[in-house]
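Shown next, in structure tokens, is the structure this report addresses.
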Amino acid sequence: MGITVKDNLFYISSKDSCLILENRRGDLLLKHFGKKIDSYHFSNTVFERDHAFSGNPTSEIRTYSYDTQRQVVGSYGFGDFRHPSIRVQHQNNELTQFKLVDFDIIDGIVEAQGLPSPHSGENAETLALRLEDSVAKLTLKLYYTAFEGSSTITTFAILNNHSDNEVVIHRLLSAMLDLPARDYDVLTLQGAYAREKTVRRQKLQQGTFSISSNRGASGHGQTPAIILTEHQATEGFGETLALQLLYSGNFQAFTQENQLNEVRLGIGINDDNFAWRLEKGETFVTPVAMMTYSDQGLTGLTEESQCFIKNHIISKNYSHKERPILINNWEATYFDFDKKKLVELAEEASQLGIELFVLDDGWFGNRFDDNRALGDWTVNEEKLSGPLSELINEVHSKGMQFGLWVEPEMISEDSDLYRLHPDWAIQAPERSHTYSRNQLMLNLANPQVVAYLKQTFHDLLTKNDIDYIKWDYNRNMTNVGNGDTYLETQMQSHAYMLGFYELVAYLTSQHPDVLFESCSGGGGRNDLGVMCYFPQVWASDNTDAIARLPIQYGSSYLYPTISMGAHVSAAPNHQMGRITPIETRGHVAMMGNLGYELDLTQLTKEEKSLVSDQVALYKKIRPLVQFGKQYRLINPEQGSNETALQFVYNNQTVVTYVRIQSTIETIETTLKLKGLEEEALYQLEGTNLVYSGAELMYAGLTLDMPNGDYLSRQFYFVKQS
Ligand code: DGJ
């Protein structure tokens with residue numbers, strides 16, 4: 001593991017993967033990204049043919065072209081006709097030709113200043129490559145970090161302008177990979193509001209496939225990640241890799257198959273509406289990207305990505321700490337609550353063993369509906385019949401933690417904050433506002449706004465004994481245009497992100513014992529940039545158990561379960577109108593960080609008893625779900641009527657099976673479990689039934705399902721000692 005330099009080759013070696021780069025007369029060429037190689041001798045070198053119409057950077061070698069070689073930097077203008085990784089306007093053009101000048105090997109991680117960065121790099125090593133364009137007078141530094149025990153390599157870039165003139169960056173990707181011609185599939189996590197992160201898989205064709213966001217947030221419709229697999233890859237077989245971005249704003253990710261069927265992959269900030277001015281001496285830092293590889297199919301990729309996120313992205317305080325089972329009052333009351341109602345709900349929850357009470361929207365200012373008061377973060381003591389601290393004490397006295405909803409980045413036109421600082425809202429001069437949920441966004445590119453938010457929320461958390469914060473964000477960015485110049489305006493969406501990260505880095509470091517859960521109308525900002533600060537994300541506003549199956553499944557491809565909030569809600573469900581048995585609602589939510597979001601006081605005695613059993617069982621299986629290895633046994637993505645998911649941890653395993661509709665064909669389903677010890681005996685909890693690991697894996701577990709729709713089963717096995 002680590003960085004090795006042999007002659008003109010750089011090896012960036014992780015646990016099972018490596019990146020090999022060649023320094024050919026200053027040009028950096030990508031020789032390999034994939035399964036680890038310790039000794040490389042150019043076996044896969046691109047044949048240097050006299051490719052017509054591919055430019056040659058030197059007249060002496062007619063066979064050498066940037067277009068036919070796999071590049072590390074996709075420069076613009078010297079014969080590489082693929083999508084560039086860098087476009088910088090200097091003088092009257094955007095031409096760049098970066099040559100390697102020197103390099104450094106650094107112990108540990110180098111942080112991307114002001115941006116989300118991985119942590120815990122005690123046993124990591126970083127290669128810093130310094131390249132220069134001597135005409136444009138630009139320096140490009142590329143950083144590659146290999147982490148012990150992980151098959152993920154992280155990378156980012158810093159551009160420095162040491163010319164005497166201003167330059168403008170139009171594009172600077174965080175990561176680019178050129179890969180050999182092969183039959184590939186590309187997988188992305190896509191969807192929309194209330195159906196986030198559904199897996200889309202397609203065969204790569206010549207041309208460009210891209211996903212992007214220009215919403216000022218990663219968005220419900222796409223995730224800043226792109227997975228490439230060999231076409232035959234399945235859950236358990238084949239080579240797979242993923243590029244992921246630690247960024248929550250406008251991003252792009254693409255694959256480009258060129259005329260030679262070679263493939264370029266890229267990920268970084270979106271070019272659309274992006275232009276960044278770099279004055280003499282200034283630098284620009286890109287977000288960090290993760291490059292993860294596995295030759296163990298999609299399950300292997302999941303394991304690698306989830307482990308890296310648990311060990312290096314989610315804060316150390318929370319990545320290996322069990323998450324509390326919560327009750328949230330949103331779908332129980334919406335805005336219609338008073339203190340009595342909240343206390344009743346908390347009391348009922350504590351009786352059932354629930355550990356955290358979360359007070360959602362509507363506790364502050366004049367916030368009786370979603371048309372007003374965002375920005376007025378003073379407690380409505382009339383509605384709460386006293387100060388917030390009294391409610392918190394009451395919840396704590398029941399042995400529960402207390403959590404609170406906030407939406408700091410927003411401002412309502414009908415708010416005292418707007419009346420005082422109308423200019424703090426993002427807006428373009430002489431244009432009318434664009435509303436979304438009738439609210440506006442604060443301009444976090446303005447340091448005054450960031451300072452105000454730091455103070456306001458630091459005070460809220462200092463004065464009140466709050467254990468958990470749900471940080472919401474319920475609209476996307478529009479009307480970006482109040483810079484003094486065109487360039488200032490174009491710089492705003494990334495400048496907003498820098499302000500956002502400054503704010504959340506401050507609050508989370510000042511209050512390390514508060515568990516923050518990110519939300520954006522569900523999963524509208526469910527990305528690794530956010531996860532560097534907020535260990536948990538509310539995956540979707542769609543709380544219907546059946547609709548949530550593909551959402552949770554998609555999330556599992558790259559993100560660890562411990563990052564995902566999942567709630568049992570009322571029947572009929574408020575989004576879908578579907579009536580699903582409470583057992584199934586419980587089983588589905590138990591595949592994430594379990595919570596409840598319904599009026600528990602309205603449940604029947606039998607339902608309360610079932611909830612109490614669910615809570616008790618979840619406390620036992622919680623380490624499996626939150627820390628275990630995950631196996632997707634039946635995938636709900638491909639129109640399947642069934643879903644099955646298994647977690648394995650510490651000699652235990654739990655399997656959850658859900659069948660959507662009762663059909664004549666699926667009388668019996670047999671699940672072949674994974675990841676068990678062949679010789680060991682596993683006892684099915686709550687019974688005397690004992691099975692060997694081998695029979696559960698190779699003969700399988702046959703389910704005796706009754707007729708009926710939306711039914712589920714959960715099996716919890718413990719290895720006999
Ligand atoms: C949108 C969130 O996704 C919901 O869970 C809830 O918190 C509402 N906002 C509150 O306004």
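Chains: A, B, ... in order of the structure tokens. Residues: from 1 per chain. Ligands: from 1, in order shown.
For ligand 1, the set of protein, DNA and RNA residues within 8 Å, based on only C-alpha atoms and all ligand atoms, reads Trp330, Glu331, Tyr334, Asp360, Asp361, Gly362, Asp370, Trp405, Lys470, Asp472, Tyr473, Asn474, Cys519, Ser520, Gly521, Gly522, Gly523, Trp538, Ser540 and Asp541 of chain A.
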* To do: Write out as a PyMOL selection string each polymer residue whose atoms come within 7 Å of A:Asn328, counting only C-alpha atoms; drop sequence neighbours fewer than 2 positions from it.
  => chain A and resi 326+330+357-360+596-597
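Using only C-alpha atoms, the residues found no farther than 12 Å from A:Gly207, other than those of its own chain fewer than 3 positions away, are A:Arg82, A:His83, A:Lys203, A:Leu204, A:Ser210, A:Phe254, A:Thr255, A:Gln256, A:Glu257, A:Asn258, A:Gln259, A:Leu260, A:Asn261, A:Glu262, A:Val263, A:Arg264, A:Leu265.
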Contacts of stretch 55-96 of chain A with stretch 138-148 of chain A up to 12 Å, shortest pair per row, only C-alpha atoms, as a Markdown table:
| residue | atom | partner | partner_atom | distance |
| --- | --- | --- | --- | --- |
| A:Val72 | CA | A:Leu142 | CA | 9.5 |
| A:Val73 | CA | A:Leu142 | CA | 9.3 |
| A:Ser75 | CA | A:Leu140 | CA | 11.4 |
| A:Ser85 | CA | A:Leu140 | CA | 11.7 |
| A:Ile86 | CA | A:Leu140 | CA | 9.9 |
| A:Arg87 | CA | A:Leu138 | CA | 11.8 |
| A:Val88 | CA | A:Leu138 | CA | 9.4 |
| A:Gln89 | CA | A:Leu138 | CA | 11.1 |
| A:His90 | CA | A:Leu138 | CA | 9.5 |
| A:Glu94 | CA | A:Leu138 | CA | 11.8 |
| A:Leu95 | CA | A:Leu138 | CA | 11.3 |
| A:Thr96 | CA | A:Leu138 | CA | 8.8 |
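Closest approach to A:Tyr649 from the set A:Ile354, A:Val718, A:Ala699, A:Leu189 is made by A:Val718, with distances taken over only C-alpha atoms.
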*Quick one: DSSP strand (DSSP E or B) residues in stretch 50-201 of chain A, as JSON, numbers by chain?*
{"A": [71, 86, 87, 88, 89, 90, 93, 99, 100, 101, 102, 103, 104, 105, 106, 107, 124, 125, 126, 127, 128, 129, 130, 131, 132, 133, 138, 139, 140, 141, 142, 143, 144, 145, 146, 147, 152, 153, 154, 155, 156, 157, 158, 159, 160, 161, 167, 168, 169, 170, 171, 172, 173, 174, 175, 176, 177, 178, 179, 184, 185, 186, 187, 188, 189, 190, 198, 199, 200, 201]}
**Q.** Within 10 Å of A:Phe156 using only C-alpha atoms, minus same-chain residues under 6 positions, as a ChimeraX atom specification
**A.** /A:110-112,117,128,141-145,172-175,245,268,285-290
Output N, CA, C and O atoms for every residue in that selection, as a PDB file, in the first residue's frame.
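Here's the written file result-v1.pdb:
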ATOM      1  N   VAL A 110      -3.709  15.017   2.218  1.00  0.00           N
ATOM      2  CA  VAL A 110      -3.658  16.473   2.031  1.00  0.00           C
ATOM      3  C   VAL A 110      -5.109  16.929   1.903  1.00  0.00           C
ATOM      4  O   VAL A 110      -5.859  16.398   1.087  1.00  0.00           O
ATOM      5  N   GLU A 111      -5.505  17.887   2.742  1.00  0.00           N
ATOM      6  CA  GLU A 111      -6.909  18.335   2.699  1.00  0.00           C
ATOM      7  C   GLU A 111      -7.157  19.290   1.548  1.00  0.00           C
ATOM      8  O   GLU A 111      -6.295  20.099   1.219  1.00  0.00           O
ATOM      9  N   ALA A 112      -8.350  19.215   0.980  1.00  0.00           N
ATOM     10  CA  ALA A 112      -8.770  20.200  -0.009  1.00  0.00           C
ATOM     11  C   ALA A 112      -9.325  21.379   0.806  1.00  0.00           C
ATOM     12  O   ALA A 112     -10.417  21.281   1.359  1.00  0.00           O
ATOM     13  N   SER A 117     -13.262  16.851   3.014  1.00  0.00           N
ATOM     14  CA  SER A 117     -12.095  15.991   2.751  1.00  0.00           C
ATOM     15  C   SER A 117     -12.206  14.739   3.594  1.00  0.00           C
ATOM     16  O   SER A 117     -12.781  14.768   4.674  1.00  0.00           O
ATOM     17  N   ALA A 128       1.893  13.884  -4.684  1.00  0.00           N
ATOM     18  CA  ALA A 128       1.561  15.215  -5.209  1.00  0.00           C
ATOM     19  C   ALA A 128       2.391  15.423  -6.470  1.00  0.00           C
ATOM     20  O   ALA A 128       3.628  15.381  -6.425  1.00  0.00           O
ATOM     21  N   LYS A 141      -1.546  21.146  -9.648  1.00  0.00           N
ATOM     22  CA  LYS A 141      -1.082  20.108  -8.724  1.00  0.00           C
ATOM     23  C   LYS A 141      -2.145  19.031  -8.639  1.00  0.00           C
ATOM     24  O   LYS A 141      -3.322  19.336  -8.407  1.00  0.00           O
ATOM     25  N   LEU A 142      -1.733  17.796  -8.823  1.00  0.00           N
ATOM     26  CA  LEU A 142      -2.667  16.668  -8.718  1.00  0.00           C
ATOM     27  C   LEU A 142      -2.289  15.855  -7.493  1.00  0.00           C
ATOM     28  O   LEU A 142      -1.113  15.507  -7.321  1.00  0.00           O
ATOM     29  N   TYR A 143      -3.273  15.552  -6.661  1.00  0.00           N
ATOM     30  CA  TYR A 143      -3.024  14.780  -5.441  1.00  0.00           C
ATOM     31  C   TYR A 143      -3.725  13.428  -5.548  1.00  0.00           C
ATOM     32  O   TYR A 143      -4.899  13.366  -5.922  1.00  0.00           O
ATOM     33  N   TYR A 144      -2.999  12.373  -5.199  1.00  0.00           N
ATOM     34  CA  TYR A 144      -3.593  11.027  -5.169  1.00  0.00           C
ATOM     35  C   TYR A 144      -3.248  10.408  -3.822  1.00  0.00           C
ATOM     36  O   TYR A 144      -2.061  10.308  -3.482  1.00  0.00           O
ATOM     37  N   THR A 145      -4.278   9.980  -3.067  1.00  0.00           N
ATOM     38  CA  THR A 145      -4.018   9.390  -1.751  1.00  0.00           C
ATOM     39  C   THR A 145      -4.480   7.937  -1.732  1.00  0.00           C
ATOM     40  O   THR A 145      -5.612   7.632  -2.137  1.00  0.00           O
ATOM     41  N   LEU A 172     -12.660  22.486 -14.440  1.00  0.00           N
ATOM     42  CA  LEU A 172     -11.527  21.793 -13.819  1.00  0.00           C
ATOM     43  C   LEU A 172     -12.105  20.593 -13.080  1.00  0.00           C
ATOM     44  O   LEU A 172     -12.687  20.722 -12.004  1.00  0.00           O
ATOM     45  N   LEU A 173     -11.974  19.423 -13.704  1.00  0.00           N
ATOM     46  CA  LEU A 173     -12.549  18.216 -13.106  1.00  0.00           C
ATOM     47  C   LEU A 173     -11.736  17.788 -11.888  1.00  0.00           C
ATOM     48  O   LEU A 173     -10.546  18.088 -11.779  1.00  0.00           O
ATOM     49  N   SER A 174     -12.393  17.050 -11.012  1.00  0.00           N
ATOM     50  CA  SER A 174     -11.696  16.506  -9.840  1.00  0.00           C
ATOM     51  C   SER A 174     -10.984  15.213 -10.191  1.00  0.00           C
ATOM     52  O   SER A 174      -9.929  14.909  -9.640  1.00  0.00           O
ATOM     53  N   ALA A 175     -11.574  14.418 -11.070  1.00  0.00           N
ATOM     54  CA  ALA A 175     -10.953  13.141 -11.442  1.00  0.00           C
ATOM     55  C   ALA A 175     -11.272  12.820 -12.887  1.00  0.00           C
ATOM     56  O   ALA A 175     -12.371  13.121 -13.381  1.00  0.00           O
ATOM     57  N   LEU A 245     -18.040  12.030  -5.974  1.00  0.00           N
ATOM     58  CA  LEU A 245     -17.561  13.379  -5.664  1.00  0.00           C
ATOM     59  C   LEU A 245     -17.985  13.774  -4.262  1.00  0.00           C
ATOM     60  O   LEU A 245     -19.151  13.601  -3.889  1.00  0.00           O
ATOM     61  N   GLY A 268     -16.694  16.102 -11.617  1.00  0.00           N
ATOM     62  CA  GLY A 268     -16.239  17.374 -11.049  1.00  0.00           C
ATOM     63  C   GLY A 268     -17.376  18.376 -10.989  1.00  0.00           C
ATOM     64  O   GLY A 268     -18.542  18.032 -11.197  1.00  0.00           O
ATOM     65  N   VAL A 285      -9.165  25.308  -5.736  1.00  0.00           N
ATOM     66  CA  VAL A 285      -9.106  23.925  -5.266  1.00  0.00           C
ATOM     67  C   VAL A 285     -10.365  23.204  -5.729  1.00  0.00           C
ATOM     68  O   VAL A 285     -11.475  23.703  -5.527  1.00  0.00           O
ATOM     69  N   THR A 286     -10.212  22.043  -6.332  1.00  0.00           N
ATOM     70  CA  THR A 286     -11.401  21.276  -6.749  1.00  0.00           C
ATOM     71  C   THR A 286     -11.912  20.444  -5.568  1.00  0.00           C
ATOM     72  O   THR A 286     -11.144  20.131  -4.650  1.00  0.00           O
ATOM     73  N   PRO A 287     -13.175  20.035  -5.609  1.00  0.00           N
ATOM     74  CA  PRO A 287     -13.645  19.041  -4.638  1.00  0.00           C
ATOM     75  C   PRO A 287     -12.855  17.735  -4.788  1.00  0.00           C
ATOM     76  O   PRO A 287     -12.269  17.470  -5.838  1.00  0.00           O
ATOM     77  N   VAL A 288     -12.881  16.940  -3.732  1.00  0.00           N
ATOM     78  CA  VAL A 288     -12.186  15.646  -3.739  1.00  0.00           C
ATOM     79  C   VAL A 288     -13.077  14.607  -4.436  1.00  0.00           C
ATOM     80  O   VAL A 288     -14.300  14.633  -4.289  1.00  0.00           O
ATOM     81  N   ALA A 289     -12.446  13.711  -5.179  1.00  0.00           N
ATOM     82  CA  ALA A 289     -13.186  12.588  -5.776  1.00  0.00           C
ATOM     83  C   ALA A 289     -12.639  11.278  -5.232  1.00  0.00           C
ATOM     84  O   ALA A 289     -11.452  11.177  -4.906  1.00  0.00           O
ATOM     85  N   MET A 290     -13.512  10.294  -5.131  1.00  0.00           N
ATOM     86  CA  MET A 290     -13.111   8.943  -4.725  1.00  0.00           C
ATOM     87  C   MET A 290     -13.109   8.045  -5.947  1.00  0.00           C
ATOM     88  O   MET A 290     -14.040   8.084  -6.751  1.00  0.00           O
TER      89      MET A 290
END
Within 8 Å of stretch 543-554 of chain A, counting only C-alpha atoms, which residues show up once you throw out same-chain ones fewer than 6 positions away? Write them as a PDB file with C-alpha atoms, in the first residue's frame, please.
ATOM      1  CA  LEU A 189     -28.448   6.494  -9.139  1.00  0.00           C
ATOM      2  CA  ARG A 195     -38.167   8.328  -5.781  1.00  0.00           C
ATOM      3  CA  GLU A 196     -34.509   9.104  -5.251  1.00  0.00           C
ATOM      4  CA  LYS A 197     -31.523   6.872  -6.029  1.00  0.00           C
ATOM      5  CA  THR A 198     -33.135   4.315  -8.293  1.00  0.00           C
ATOM      6  CA  VAL A 199     -30.498   2.344 -10.152  1.00  0.00           C
ATOM      7  CA  ALA A 566     -35.830   5.082   7.445  1.00  0.00           C
ATOM      8  CA  HIS A 567     -39.199   5.563   9.152  1.00  0.00           C
ATOM      9  CA  VAL A 568     -42.379   3.610   9.776  1.00  0.00           C
ATOM     10  CA  SER A 569     -45.307   5.867   8.872  1.00  0.00           C
ATOM     11  CA  ASN A 573     -49.467   6.168   3.610  1.00  0.00           C
ATOM     12  CA  HIS A 574     -49.569   9.955   3.162  1.00  0.00           C
ATOM     13  CA  GLN A 575     -47.660   9.985  -0.146  1.00  0.00           C
ATOM     14  CA  MET A 576     -48.979   6.849  -1.877  1.00  0.00           C
ATOM     15  CA  ARG A 578     -51.205   2.489   0.172  1.00  0.00           C
ATOM     16  CA  THR A 580     -49.237  -1.839   4.110  1.00  0.00           C
ATOM     17  CA  THR A 584     -43.838  -4.885   6.546  1.00  0.00           C
ATOM     18  CA  ARG A 585     -43.461  -1.180   7.328  1.00  0.00           C
ATOM     19  CA  VAL A 588     -38.468  -2.147   5.532  1.00  0.00           C
ATOM     20  CA  ALA A 589     -37.513   0.617   7.979  1.00  0.00           C
ATOM     21  CA  GLY A 592     -31.978   1.431   7.645  1.00  0.00           C
ATOM     22  CA  ARG A 632     -28.512  -7.773  -2.096  1.00  0.00           C
ATOM     23  CA  ASN A 635     -33.057  -6.679  -6.455  1.00  0.00           C
ATOM     24  CA  PRO A 636     -36.293  -4.645  -6.657  1.00  0.00           C
ATOM     25  CA  GLU A 637     -34.885  -2.648  -9.566  1.00  0.00           C
ATOM     26  CA  THR A 643     -36.838  -7.811  -2.609  1.00  0.00           C
ATOM     27  CA  ILE A 660     -45.209  -6.803  -3.321  1.00  0.00           C
ATOM     28  CA  TYR A 710     -47.236  -6.256   0.694  1.00  0.00           C
TER      29      TYR A 710
END
Nearest to A:Glu235, restricted to only C-alpha atoms and choosing among A:Ile634, A:Leu159, A:Ile469, A:Ile169, comes out as A:Ile634
What separates atom CA of A:Ile313 and atom CA of A:Lys619 is a distance of 25.0 Å
So that I can check the surroundings of A:Pro512, please list as an MDAnalysis selection string every protein, DNA and RNA residue that reaches within 9 Å of it, counting only C-alpha atoms and ignoring chain neighbours fewer than 4 positions away.
chainID A and resid 317 507:508
Output N, CA, C and O atoms for every residue in the selection just made, as an mmCIF file, in the first residue's frame.
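As a result, part_22.cif now contains:
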data_model
loop_
_atom_site.group_PDB
_atom_site.id
_atom_site.type_symbol
_atom_site.label_atom_id
_atom_site.label_comp_id
_atom_site.auth_asym_id
_atom_site.auth_seq_id
_atom_site.Cartn_x
_atom_site.Cartn_y
_atom_site.Cartn_z
ATOM 1 N N ASN A 317 -16.789 10.302 15.355
ATOM 2 C CA ASN A 317 -17.716 10.227 16.489
ATOM 3 C C ASN A 317 -18.909 9.339 16.202
ATOM 4 O O ASN A 317 -19.521 8.805 17.107
ATOM 5 N N LEU A 507 -20.235 24.543 12.875
ATOM 6 C CA LEU A 507 -21.260 24.075 13.828
ATOM 7 C C LEU A 507 -21.002 22.639 14.274
ATOM 8 O O LEU A 507 -21.158 22.307 15.448
ATOM 9 N N THR A 508 -20.584 21.786 13.344
ATOM 10 C CA THR A 508 -20.384 20.383 13.737
ATOM 11 C C THR A 508 -19.118 20.234 14.585
ATOM 12 O O THR A 508 -19.060 19.379 15.463
#
Please build the interface table for stretch 239-308 of chain A against stretch 527-532 of chain A with a cut-off of 8 Å, listing for each qualifying residue the nearest atom pair and the distance in Å to one decimal; count only C-alpha atoms, order rows by chain and increasing number, and write it as JSON lines.
{"residue": "A:Gln244", "atom": "CA", "partner": "A:Leu528", "partner_atom": "CA", "distance": 7.9}
{"residue": "A:Leu245", "atom": "CA", "partner": "A:Leu528", "partner_atom": "CA", "distance": 6.7}
{"residue": "A:Leu246", "atom": "CA", "partner": "A:Gly529", "partner_atom": "CA", "distance": 4.1}
{"residue": "A:Tyr247", "atom": "CA", "partner": "A:Gly529", "partner_atom": "CA", "distance": 4.1}
{"residue": "A:Ser248", "atom": "CA", "partner": "A:Gly529", "partner_atom": "CA", "distance": 5.1}
Keeping only N, CA and C atoms, take the residues you just selected and write them out as a PDB file, in the first residue's frame.
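Wrote again.pdb, looks like this:
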ATOM      1  N   GLN A 244     -16.820   8.958  -7.320  1.00  0.00           N
ATOM      2  CA  GLN A 244     -17.788   9.691  -6.506  1.00  0.00           C
ATOM      3  C   GLN A 244     -17.176  11.027  -6.118  1.00  0.00           C
ATOM      4  N   LEU A 245     -18.040  12.030  -5.974  1.00  0.00           N
ATOM      5  CA  LEU A 245     -17.561  13.379  -5.664  1.00  0.00           C
ATOM      6  C   LEU A 245     -17.985  13.774  -4.262  1.00  0.00           C
ATOM      7  N   LEU A 246     -17.052  14.332  -3.497  1.00  0.00           N
ATOM      8  CA  LEU A 246     -17.373  14.832  -2.156  1.00  0.00           C
ATOM      9  C   LEU A 246     -17.819  16.278  -2.304  1.00  0.00           C
ATOM     10  N   TYR A 247     -18.992  16.460  -2.847  1.00  0.00           N
ATOM     11  CA  TYR A 247     -19.457  17.819  -3.158  1.00  0.00           C
ATOM     12  C   TYR A 247     -20.974  17.795  -3.227  1.00  0.00           C
ATOM     13  N   SER A 248     -21.607  18.891  -2.779  1.00  0.00           N
ATOM     14  CA  SER A 248     -23.064  18.918  -2.679  1.00  0.00           C
ATOM     15  C   SER A 248     -23.700  19.919  -3.641  1.00  0.00           C
TER      16      SER A 248
END
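Look at stretch 3-20 of chain A: the protein and nucleic acid residues within 9 Å of it, using only C-alpha atoms and passing over chain neighbours fewer than 6 places away, are Leu29, Leu30, Lys31, His32, Phe33, Gly34, Lys35, Lys36, Ile37, Asp38, Tyr40, Ile105, Glu125, Thr126, Leu127, Tyr144, Thr145, Ala146, Phe147, Glu148, Gly149, Ser150, Ser151, Thr152, Ile153, Thr292, Tyr293, Ser294 and Asp295 of chain A.
Shortest separation to A:Arg200 among A:Ser120, A:Asp178, A:Ser213, A:Tyr557 occurs at residue A:Tyr557, atoms counted being only C-alpha atoms.
Reported to one decimal place, the separation of atom CA of A:Gly297 from atom CA of A:Gln646 is 16.5 Å.
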Closest of A:His396, A:Arg182, A:Arg215, A:His162 to A:Thr283, counting only C-alpha atoms, is A:His162
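Note that the spacing between atom CA of A:Gln202 and atom CA of A:Gly238 amounts to 15.9 Å.
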